[in-house]
2 protein chains.
Amino acid sequence: MKNISKEDYLSAIYKLRDEAGEIKPNLIAENLEISPAAVTDMLKKLSVDGFVQYKKYKGIKLTSKGEKYAVNMIRKHRLWETFLYKTLNMPWEKIHDEAEKLEHSSSDELVDKLEEFLNYPKFDPHGYPIPDKSGLLPKHKPVIALSELNKNDKGIIARISDFKSELLLYATRQGLTIGQKISVKEKLEFDGSVLIKTSSNEVSLSKKIASNIFIQKDD
Amino acid sequence: MKNISKEDYLSAIYKLRDEAGEIKPNLIAENLEISPAAVTDMLKKLSVDGFVQYKKYKGIKLTSKGEKYAVNMIRKHRLWETFLYKTLNMPWEKIHDEAEKLEHSSSDELVDKLEEFLNYPKFDPHGYPIPDKSGLLPKHKPVIALSELNKNDKGIIARISDFKSELLLYATRQGLTIGQKISVKEKLEFDGSVLIKTSSNEVSLSKKIASNIFIQKDD
DNA sequence: ATATAAATTTAAGTGAGCTTAAATATTAAA
DNA sequence: TTTAATATTTAAGCTCACTTAAATTTATAT
């Protein structure tokens, strides 16, 4: 039995909205690896507590209270990731899970001090923007999933989804890192997989993998 | 309803043995601020899991498995305290509670890296020894509670109990810090309170407070 | 438009870790 | 050594965040 807290629901909703746009209970369930029924349960509570707007079978939306709460969790998460990676030199693919735990165990005051110590970083090691104390995200150029690029498009890798360490390990082994220049050599209609060229070699990626790698496109 | 985990029980038992010698269920209950009945409950579980030796109405003892576990938690706690104090400059009296949360949310691997980053500190900010990776405590001169000293005894403050932030704040305001030289000017039979002299001034302390300050005595 | 599939909610039930109140064992005092 | 006080354990019950299974609503495909 997992013991996912309200905090996790709020972060998950926040992130899913960013990625998927609309938020469905099933998506949350998948994301947190719990049953859909548990999600329904919790949505009712979050609604009563004023964190989400929720109508049965209808949409889910963070209230401004919920939004604030979620952004703060995300902030903690990304600052901890940065600390683990930059300061402690922990491996890329392990910091997400570790930060996931730490974010629930640190006060705002602690995290503010941590931010100061890290010298106010703007992006975490996976390329995600870090909200500041007041919840504002740093300005950054728009990014687009690699799976959405077309043949001959070029750009640099700006972000790689961090929720699956397997993906990160794989990316590293293929030489795909944040900041790396890439171009799309080919895109298969058949299964949506793409062949891309990095500075050092060529890599073929499935559509699913490509959809978790985000590019800052050259214009 | 508090959600104290097994980890807390084991740390508490470990610390109480160090301080009080014998371990009574009631003491654990007080320490964790839960009912004695909850302690009985948990002791049974810890016993089944092989962390403590426990016989109804008889003593409580950590098994070597429980001991190992507890020392590891203490290690995490003290390293986090050191980090919060030295690296993040958090105030003395706040780091205990903060570390209490972090210790449950960090893997052994993370804490080993943290130790390395901190350059293998031997004592935490309150003067407690930090166990190394294999569970060994650094060698250190014996300490004795200030309440046990007699008139004209001299020594230096080696350790101050960290479980009550109020005590730490008070100590700081009185100029009592780790490493400070002190001597006992007077000790009242009446209530056990002591009058001590520091480098800068004279302070009167109740017996209770004096029993939470530990001295490395001059011989 | 209707049948089928998929998503969501409801209902009933579980285990962990607590609570209070009552019962029992141990310790201390008369 | 009996009695009273204190400590500990048992018993019953609560809440939380889950689960599975069944019921219901919504979406999709023919």
# chains A, B, ... in the order shown; residues from 1 in each chain; ligands from 1
>>> select_by_dssp(residues="segment 56-205 of chain A", states="strand (DSSP E or B)", output="PDB file with N, CA and C atoms, in the first residue's frame")
ATOM      1  N   ILE A  60     -11.205  18.669 -13.923  1.00  0.00           N
ATOM      2  CA  ILE A  60     -10.475  18.923 -12.687  1.00  0.00           C
ATOM      3  C   ILE A  60      -9.629  20.170 -12.925  1.00  0.00           C
ATOM      4  N   LYS A  61      -9.684  21.095 -11.990  1.00  0.00           N
ATOM      5  CA  LYS A  61      -8.871  22.299 -12.158  1.00  0.00           C
ATOM      6  C   LYS A  61      -8.309  22.718 -10.821  1.00  0.00           C
ATOM      7  N   LEU A  62      -7.052  23.093 -10.803  1.00  0.00           N
ATOM      8  CA  LEU A  62      -6.477  23.625  -9.574  1.00  0.00           C
ATOM      9  C   LEU A  62      -7.094  24.986  -9.282  1.00  0.00           C
ATOM     10  N   PHE A 123      17.230  26.563 -13.835  1.00  0.00           N
ATOM     11  CA  PHE A 123      16.738  25.301 -14.382  1.00  0.00           C
ATOM     12  C   PHE A 123      17.325  24.132 -13.596  1.00  0.00           C
ATOM     13  N   PRO A 129      12.283  24.436 -15.568  1.00  0.00           N
ATOM     14  CA  PRO A 129      12.459  25.752 -14.927  1.00  0.00           C
ATOM     15  C   PRO A 129      12.100  25.685 -13.437  1.00  0.00           C
ATOM     16  N   ILE A 144       9.417  22.161 -27.508  1.00  0.00           N
ATOM     17  CA  ILE A 144       8.455  21.317 -28.226  1.00  0.00           C
ATOM     18  C   ILE A 144       8.973  19.876 -28.167  1.00  0.00           C
ATOM     19  N   ALA A 145       8.053  18.928 -28.020  1.00  0.00           N
ATOM     20  CA  ALA A 145       8.488  17.531 -27.928  1.00  0.00           C
ATOM     21  C   ALA A 145       9.203  17.119 -29.211  1.00  0.00           C
ATOM     22  N   LYS A 154      15.879  21.404 -36.786  1.00  0.00           N
ATOM     23  CA  LYS A 154      17.064  21.409 -35.934  1.00  0.00           C
ATOM     24  C   LYS A 154      16.759  22.126 -34.624  1.00  0.00           C
ATOM     25  N   GLY A 155      17.580  21.858 -33.618  1.00  0.00           N
ATOM     26  CA  GLY A 155      17.392  22.563 -32.341  1.00  0.00           C
ATOM     27  C   GLY A 155      18.324  21.998 -31.282  1.00  0.00           C
ATOM     28  N   ILE A 156      18.104  22.410 -30.039  1.00  0.00           N
ATOM     29  CA  ILE A 156      18.925  21.829 -28.977  1.00  0.00           C
ATOM     30  C   ILE A 156      18.024  21.197 -27.921  1.00  0.00           C
ATOM     31  N   ILE A 157      18.550  20.181 -27.284  1.00  0.00           N
ATOM     32  CA  ILE A 157      17.784  19.480 -26.243  1.00  0.00           C
ATOM     33  C   ILE A 157      17.677  20.386 -25.025  1.00  0.00           C
ATOM     34  N   ALA A 158      16.433  20.710 -24.638  1.00  0.00           N
ATOM     35  CA  ALA A 158      16.235  21.653 -23.535  1.00  0.00           C
ATOM     36  C   ALA A 158      15.777  20.950 -22.269  1.00  0.00           C
ATOM     37  N   ARG A 159      15.215  19.790 -22.411  1.00  0.00           N
ATOM     38  CA  ARG A 159      14.559  19.156 -21.261  1.00  0.00           C
ATOM     39  C   ARG A 159      14.326  17.683 -21.538  1.00  0.00           C
ATOM     40  N   ILE A 160      14.513  16.853 -20.534  1.00  0.00           N
ATOM     41  CA  ILE A 160      14.180  15.434 -20.658  1.00  0.00           C
ATOM     42  C   ILE A 160      13.342  15.020 -19.454  1.00  0.00           C
ATOM     43  N   LYS A 181      23.096  19.782 -29.399  1.00  0.00           N
ATOM     44  CA  LYS A 181      22.455  20.116 -30.677  1.00  0.00           C
ATOM     45  C   LYS A 181      21.995  18.862 -31.388  1.00  0.00           C
ATOM     46  N   ILE A 182      20.816  18.898 -31.960  1.00  0.00           N
ATOM     47  CA  ILE A 182      20.347  17.741 -32.728  1.00  0.00           C
ATOM     48  C   ILE A 182      19.619  18.207 -33.996  1.00  0.00           C
ATOM     49  N   SER A 183      19.552  17.268 -34.943  1.00  0.00           N
ATOM     50  CA  SER A 183      18.693  17.530 -36.099  1.00  0.00           C
ATOM     51  C   SER A 183      17.980  16.234 -36.477  1.00  0.00           C
ATOM     52  N   VAL A 184      16.785  16.384 -37.048  1.00  0.00           N
ATOM     53  CA  VAL A 184      15.983  15.212 -37.391  1.00  0.00           C
ATOM     54  C   VAL A 184      16.333  14.761 -38.807  1.00  0.00           C
ATOM     55  N   LYS A 185      16.877  13.570 -38.909  1.00  0.00           N
ATOM     56  CA  LYS A 185      17.252  13.054 -40.223  1.00  0.00           C
ATOM     57  C   LYS A 185      16.070  12.386 -40.908  1.00  0.00           C
ATOM     58  N   GLU A 186      15.241  11.752 -40.107  1.00  0.00           N
ATOM     59  CA  GLU A 186      14.126  11.021 -40.690  1.00  0.00           C
ATOM     60  C   GLU A 186      13.026  10.827 -39.652  1.00  0.00           C
ATOM     61  N   LYS A 187      11.823  10.725 -40.146  1.00  0.00           N
ATOM     62  CA  LYS A 187      10.694  10.460 -39.248  1.00  0.00           C
ATOM     63  C   LYS A 187       9.804   9.440 -39.934  1.00  0.00           C
ATOM     64  N   VAL A 194      11.773   8.374 -34.760  1.00  0.00           N
ATOM     65  CA  VAL A 194      12.595   9.369 -35.448  1.00  0.00           C
ATOM     66  C   VAL A 194      14.066   8.966 -35.429  1.00  0.00           C
ATOM     67  N   LEU A 195      14.744   9.375 -36.459  1.00  0.00           N
ATOM     68  CA  LEU A 195      16.186   9.186 -36.511  1.00  0.00           C
ATOM     69  C   LEU A 195      16.805  10.568 -36.357  1.00  0.00           C
ATOM     70  N   ILE A 196      17.612  10.739 -35.335  1.00  0.00           N
ATOM     71  CA  ILE A 196      18.196  12.065 -35.131  1.00  0.00           C
ATOM     72  C   ILE A 196      19.715  11.993 -35.141  1.00  0.00           C
ATOM     73  N   LYS A 197      20.304  13.151 -35.413  1.00  0.00           N
ATOM     74  CA  LYS A 197      21.743  13.248 -35.493  1.00  0.00           C
ATOM     75  C   LYS A 197      22.195  14.168 -34.370  1.00  0.00           C
ATOM     76  N   GLU A 202      24.383   9.089 -34.677  1.00  0.00           N
ATOM     77  CA  GLU A 202      22.980   9.058 -35.042  1.00  0.00           C
ATOM     78  C   GLU A 202      22.233   8.089 -34.151  1.00  0.00           C
ATOM     79  N   VAL A 203      21.025   8.478 -33.769  1.00  0.00           N
ATOM     80  CA  VAL A 203      20.254   7.639 -32.856  1.00  0.00           C
ATOM     81  C   VAL A 203      18.835   7.518 -33.356  1.00  0.00           C
ATOM     82  N   SER A 204      18.290   6.320 -33.221  1.00  0.00           N
ATOM     83  CA  SER A 204      16.883   6.138 -33.551  1.00  0.00           C
ATOM     84  C   SER A 204      16.091   6.041 -32.255  1.00  0.00           C
ATOM     85  N   LEU A 205      14.990   6.782 -32.192  1.00  0.00           N
ATOM     86  CA  LEU A 205      14.193   6.807 -30.971  1.00  0.00           C
ATOM     87  C   LEU A 205      12.738   6.489 -31.260  1.00  0.00           C
TER      88      LEU A 205
END
>>> closest_atom_pairs(of="chain B", to="chain D", cutoff="8 Å", atoms="only C-alpha atoms (C1' of nucleotides)", output="CSV")
residue,atom,partner,partner_atom,distance
B:Pro25,CA,D:DT8,C1',7.7
B:Asn26,CA,D:DA7,C1',7.4
B:Pro36,CA,D:DT8,C1',7.8
B:Ala37,CA,D:DT9,C1',7.3
B:Thr40,CA,D:DT9,C1',7.0
B:Lys56,CA,D:DT9,C1',7.8
B:Tyr57,CA,D:DT8,C1',6.3
>>> write_last_selection(atoms="C-alpha atoms", output="CSV table (one decimal), in the first residue's frame")
chain,number,residue,atom,x,y,z
B,25,PRO,CA,7.6,2.1,27.5
B,26,ASN,CA,6.4,5.2,29.2
B,36,PRO,CA,1.7,4.2,26.1
B,37,ALA,CA,-0.7,1.8,24.4
B,40,THR,CA,3.1,-1.5,23.4
B,56,LYS,CA,5.7,-8.1,28.5
B,57,TYR,CA,6.3,-6.0,31.6
>>> interface_residues(of="chain B", to="chain A", cutoff="12 Å", atoms="only C-alpha atoms", output="ChimeraX atom specification")
/B:3,80-81,83-91,94-95,97-119
>>> write_last_selection(atoms="C-alpha atoms", output="compact mmCIF listing (two decimals), in the first residue's frame")
# COMPACT_ATOMS: atom_id res chain seq x y z
CA ASN B 3 2.31 9.17 12.24
CA TRP B 80 21.67 16.58 8.13
CA GLU B 81 21.95 18.81 11.20
CA PHE B 83 24.53 20.41 6.74
CA LEU B 84 21.68 22.68 7.81
CA TYR B 85 23.86 24.53 10.25
CA LYS B 86 27.20 24.74 8.49
CA THR B 87 26.21 24.85 4.87
CA LEU B 88 22.82 26.54 4.93
CA ASN B 89 23.37 28.65 8.04
CA MET B 90 20.07 27.73 9.58
CA PRO B 91 19.68 28.74 13.21
CA LYS B 94 15.69 24.91 14.23
CA ILE B 95 17.92 22.27 12.75
CA ASP B 97 13.22 19.38 13.89
CA GLU B 98 14.16 19.86 10.28
CA ALA B 99 16.69 17.03 10.37
CA GLU B 100 14.11 14.82 12.04
CA LYS B 101 12.07 14.96 8.86
CA LEU B 102 14.96 14.68 6.43
CA GLU B 103 16.43 11.61 8.08
CA HIS B 104 13.42 9.57 6.99
CA SER B 105 13.58 10.77 3.43
CA SER B 106 17.12 10.11 2.37
CA SER B 107 18.79 6.98 1.11
CA ASP B 108 22.05 5.66 2.49
CA GLU B 109 23.69 6.60 -0.78
CA LEU B 110 22.57 10.19 -0.49
CA VAL B 111 23.78 10.46 3.08
CA ASP B 112 27.16 9.01 2.21
CA LYS B 113 27.54 11.69 -0.44
CA LEU B 114 26.44 14.29 2.04
CA GLU B 115 29.05 13.12 4.51
CA GLU B 116 31.70 13.38 1.85
CA PHE B 117 30.56 16.88 0.91
CA LEU B 118 30.73 17.92 4.56
CA ASN B 119 34.21 16.48 4.74
>>> closest_atom_pairs(of="chain C", to="chain B", cutoff="9 Å", atoms="only C-alpha atoms (C1' of nucleotides)", output="Markdown table")
| residue | atom | partner | partner_atom | distance |
| --- | --- | --- | --- | --- |
| C:DG17 | C1' | B:Asn3 | CA | 6.7 |
| C:DC18 | C1' | B:Met1 | CA | 6.0 |
| C:DT19 | C1' | B:Ser35 | CA | 7.8 |
| C:DA25 | C1' | B:Tyr57 | CA | 7.3 |
| C:DT26 | C1' | B:Tyr57 | CA | 8.0 |
>>> write_last_selection(atoms="C-alpha atoms (C1' of nucleotides)", output="JSON list (two decimals), in the first residue's frame")
[["chain", "number", "residue", "atom", "x", "y", "z"],
["C", 17, "DG", "C1'", -0.83, 3.46, 13.62],
["C", 18, "DC", "C1'", -2.96, 5.85, 16.46],
["C", 19, "DT", "C1'", -6.85, 6.83, 20.57],
["C", 25, "DA", "C1'", 1.07, -6.31, 36.70],
["C", 26, "DT", "C1'", 4.73, -4.04, 39.15]]
>>> atom_distance(atom1="atom CA of Leu32 of chain A", atom2="atom CA of Thr172 of chain A")
25.0 Å
>>> atom_distance(atom1="atom CA of Ser200 of chain A", atom2="atom CA of Leu176 of chain A")
10.0 Å
>>> atom_distance(atom1="atom CA of Glu19 of chain B", atom2="atom CA of Asn31 of chain B")
12.1 Å
>>> residues_around(residues="Leu146 of chain A", least_positions_apart="5", cutoff="7 Å", atoms="only C-alpha atoms (C1' of nucleotides)", output="list in words")
Ala210, Ser211, Ile213, Phe214 and Ile215 of chain A
>>> write_last_selection(atoms="N, CA and C atoms", output="PDB file, in the first residue's frame")
ATOM      1  N   ALA A 210      10.747   9.818 -27.867  1.00  0.00           N
ATOM      2  CA  ALA A 210      10.858  11.157 -28.460  1.00  0.00           C
ATOM      3  C   ALA A 210       9.880  12.143 -27.827  1.00  0.00           C
ATOM      4  N   SER A 211       8.759  11.616 -27.358  1.00  0.00           N
ATOM      5  CA  SER A 211       7.760  12.524 -26.774  1.00  0.00           C
ATOM      6  C   SER A 211       8.147  12.979 -25.371  1.00  0.00           C
ATOM      7  N   ILE A 213      11.367  13.951 -24.763  1.00  0.00           N
ATOM      8  CA  ILE A 213      12.541  14.793 -24.940  1.00  0.00           C
ATOM      9  C   ILE A 213      12.079  16.095 -25.586  1.00  0.00           C
ATOM     10  N   PHE A 214      12.457  17.218 -24.991  1.00  0.00           N
ATOM     11  CA  PHE A 214      11.919  18.497 -25.457  1.00  0.00           C
ATOM     12  C   PHE A 214      13.009  19.377 -26.048  1.00  0.00           C
ATOM     13  N   ILE A 215      12.657  19.965 -27.126  1.00  0.00           N
ATOM     14  CA  ILE A 215      13.622  20.669 -27.954  1.00  0.00           C
ATOM     15  C   ILE A 215      13.319  22.166 -28.013  1.00  0.00           C
TER      16      ILE A 215
END
>>> select_by_dssp(residues="segment 38-215 of chain B", states="helix (DSSP H, G or I)", output="MDAnalysis selection string")
chainID B and resid 38:48 64:87 95:105 108:117 146:148 165:173 207:210
>>> residues_around(residues="Leu10 of chain A", least_positions_apart="6", cutoff="9 Å", atoms="only C-alpha atoms (C1' of nucleotides)", output="NGL selection string")
:A and (46 or 51-52 or 62 or 66-67 or 69-71 or 73)
>>> write_last_selection(atoms="C-alpha atoms", output="mmCIF file, in the first residue's frame")
data_model
loop_
_atom_site.group_PDB
_atom_site.id
_atom_site.type_symbol
_atom_site.label_atom_id
_atom_site.label_comp_id
_atom_site.auth_asym_id
_atom_site.auth_seq_id
_atom_site.Cartn_x
_atom_site.Cartn_y
_atom_site.Cartn_z
ATOM 1 C CA LEU A 46 -8.958 18.221 -2.173
ATOM 2 C CA PHE A 51 -7.314 22.964 -3.608
ATOM 3 C CA VAL A 52 -9.150 21.841 -6.730
ATOM 4 C CA LEU A 62 -6.477 23.625 -9.574
ATOM 5 C CA GLY A 66 -4.012 24.592 -5.145
ATOM 6 C CA GLU A 67 -1.856 26.149 -7.812
ATOM 7 C CA TYR A 69 0.676 24.868 -3.245
ATOM 8 C CA ALA A 70 1.667 22.817 -6.271
ATOM 9 C CA VAL A 71 4.156 25.347 -7.573
ATOM 10 C CA MET A 73 6.195 21.644 -4.205
#
